[in-house]
Structure formats: C-alpha cells, structure tokens
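One file, data-v6.tsv, is given below (TSV, C-alpha atoms).
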chain	number	residue	atom	x	y	z
A	233	MET	CA	0.00	0.00	0.00
A	234	LEU	CA	1.41	3.37	-1.03
A	235	LEU	CA	0.95	6.04	1.60
A	236	ARG	CA	0.91	9.71	0.63
A	237	VAL	CA	0.86	12.51	3.13
A	238	ARG	CA	-0.34	16.02	2.43
A	239	THR	CA	1.56	18.66	4.31
A	240	THR	CA	2.14	22.38	4.32
A	241	ILE	CA	5.58	23.90	4.65
A	242	ASP	CA	6.56	27.50	5.23
A	243	ILE	CA	9.50	28.57	3.08
A	244	PRO	CA	10.85	32.00	2.14
A	245	ASP	CA	9.12	33.60	-0.86
A	246	GLU	CA	12.37	33.82	-2.82
A	247	LEU	CA	12.97	30.10	-2.41
A	248	ALA	CA	9.42	29.24	-3.46
A	249	ILE	CA	9.72	31.39	-6.58
A	250	ALA	CA	13.09	29.88	-7.48
A	251	ALA	CA	11.73	26.36	-6.94
A	252	LYS	CA	8.71	27.00	-9.13
A	253	LYS	CA	10.94	28.40	-11.89
A	254	ALA	CA	13.26	25.39	-11.61
A	255	ALA	CA	10.30	23.02	-11.84
A	256	VAL	CA	9.15	24.72	-15.04
A	257	GLU	CA	12.65	24.64	-16.52
A	258	LEU	CA	13.03	20.96	-15.62
A	259	ARG	CA	9.54	20.23	-16.98
A	260	THR	CA	8.37	18.75	-13.73
A	261	THR	CA	6.11	19.70	-10.87
A	262	LEU	CA	7.01	21.50	-7.68
A	263	ARG	CA	5.89	18.40	-5.80
A	264	GLU	CA	8.26	16.19	-7.79
A	265	LEU	CA	11.09	18.67	-7.29
A	266	VAL	CA	10.55	18.60	-3.53
A	267	VAL	CA	10.29	14.80	-3.46
A	268	ARG	CA	13.52	14.41	-5.47
A	269	GLY	CA	15.29	16.95	-3.28
A	270	LEU	CA	14.26	15.17	-0.10
A	271	GLN	CA	15.24	11.78	-1.53
A	272	THR	CA	18.65	13.16	-2.50
A	273	ILE	CA	19.31	14.66	0.92
A	274	LEU	CA	18.02	11.66	2.86
A	275	SER	CA	19.94	9.14	0.76
A	276	ASN	CA	23.26	10.71	1.75
A	277	PRO	CA	23.77	10.65	5.53
A	278	THR	CA	26.56	13.24	5.40
A	279	THR	CA	24.27	15.85	3.89
A	280	ALA	CA	21.17	14.81	5.81
A	281	SER	CA	22.23	16.46	9.05
A	282	VAL	CA	20.54	19.76	9.58
A	283	THR	CA	22.89	22.38	10.94
A	284	SER	CA	22.20	25.55	12.80
A	285	PRO	CA	23.08	28.87	11.15
A	286	VAL	CA	25.36	29.35	14.14
A	287	ASP	CA	27.41	26.39	12.92
A	288	ALA	CA	28.39	28.48	9.90
A	289	LEU	CA	30.34	30.73	12.27
A	290	GLU	CA	32.66	27.89	13.29
A	291	GLY	CA	36.28	28.87	12.85
A	292	LEU	CA	35.63	32.58	12.36
A	293	GLY	CA	38.14	34.67	14.29
A	294	ARG	CA	40.48	31.70	14.65
A	295	GLU	CA	43.50	33.84	13.75
A	296	VAL	CA	42.77	36.25	16.62
A	297	TRP	CA	43.22	33.44	19.13
A	298	ARG	CA	46.36	31.95	17.59
A	299	GLY	CA	48.95	31.49	20.35
A	300	VAL	CA	46.45	32.28	23.14
A	301	ASP	CA	45.59	29.62	25.70
A	302	ALA	CA	41.82	29.88	26.22
A	303	ASP	CA	41.93	28.59	29.80
A	304	ASP	CA	44.60	31.12	30.80
A	305	TYR	CA	42.65	33.90	29.08
A	306	VAL	CA	39.44	33.08	30.96
A	307	LYS	CA	41.27	32.73	34.29
A	308	GLU	CA	42.83	36.17	33.77
A	309	LEU	CA	39.42	37.70	33.00
A	310	ARG	CA	37.88	36.13	36.08
A	311	ARG	CA	40.59	37.56	38.36
A	312	GLY	CA	39.13	40.99	37.63
A	313	TRP	CA	35.70	39.88	38.85
A	314	GLU	CA	36.74	39.64	42.47
For this file, produce the structure as structure tokens.
Amino acid sequence: MLLRVRTTIDIPDELAIAAKKAAVELRTTLRELVVRGLQTILSNPTTASVTSPVDALEGLGREVWRGVDADDYVKELRRGWE
C-alpha cells in the first residue's frame, strides 16, 4: 500500500519562486522537485544532518586566538571579577 501525506511547509518567498521556476525549466512539478530533493538529501547521511546557522560561524576569528591559551585567558578575566 502506497501512503501519501499532504503537508504544508513555510519557506521563504524567494525560495518558493526559485523552486517553481526550476520546476518549469526541468519540466516537472514543484511536488516532484521537492520529493527528489528530499530523496537526495536523505539518501546521503553526510548531507542529511541539519545544521544551525550558528554552525556556519565555526572557525571565524580563529586567527585572533592563535597562540592564546583559552583557559589562561578566561582565568585572567575572572581575576578581575573579584
């Protein structure tokens, strides 16, 4: 038995417009485009993980901390709290 689920998703307008245009260019439906996209993402475990936008900040400012011991830095800051 084939089960189909109707659902509603909230996506940015720009993304919806781009997806609809892509569906037309690919001569397919928006539904099929979404299904294929989900199948592609879910078939590859390395791309299936959803990351937080905060994760994109990882590594930024790394050069500022080069040569600085984080524990020593925090201990020095905390001395001023007393």
Is it possible to get the axis-aligned box enclosing segment 246-265 of chain A (all listed atoms, 5 Å extra per side) as JSON, with centre and edge lengths in Å rounded to one decimal?
{"center_x": 9.6, "center_y": 25.0, "center_z": -9.7, "size_x": 17.4, "size_y": 27.6, "size_z": 24.6}
- Task: Can you work out the spacing between atom CA of Thr261 of chain A and atom CA of Leu274 of chain A in Å, to one decimal?
- Result: 19.9 Å
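Relative to atom CA of Ala302 of chain A, atom CA of Leu289 of chain A is found at 18.1 Å.
Atom CA of Asn276 of chain A is found 22.2 Å from atom CA of Ile241 of chain A.
Distances to Val267 of chain A were evaluated for A:Val237, A:Ala250, A:Val296, A:Ile243 using all atoms listed in the file, and the minimum falls at A:Val237.
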- Message: So that I can see what lies close to Leu265 of chain A, please list as an NGL selection string the residues with an atom at most 10 Å from it, counting only C-alpha atoms and leaving out residues fewer than 6 positions away in the same chain.
- Response: :A and (251-252 or 254-255 or 258-259 or 271)
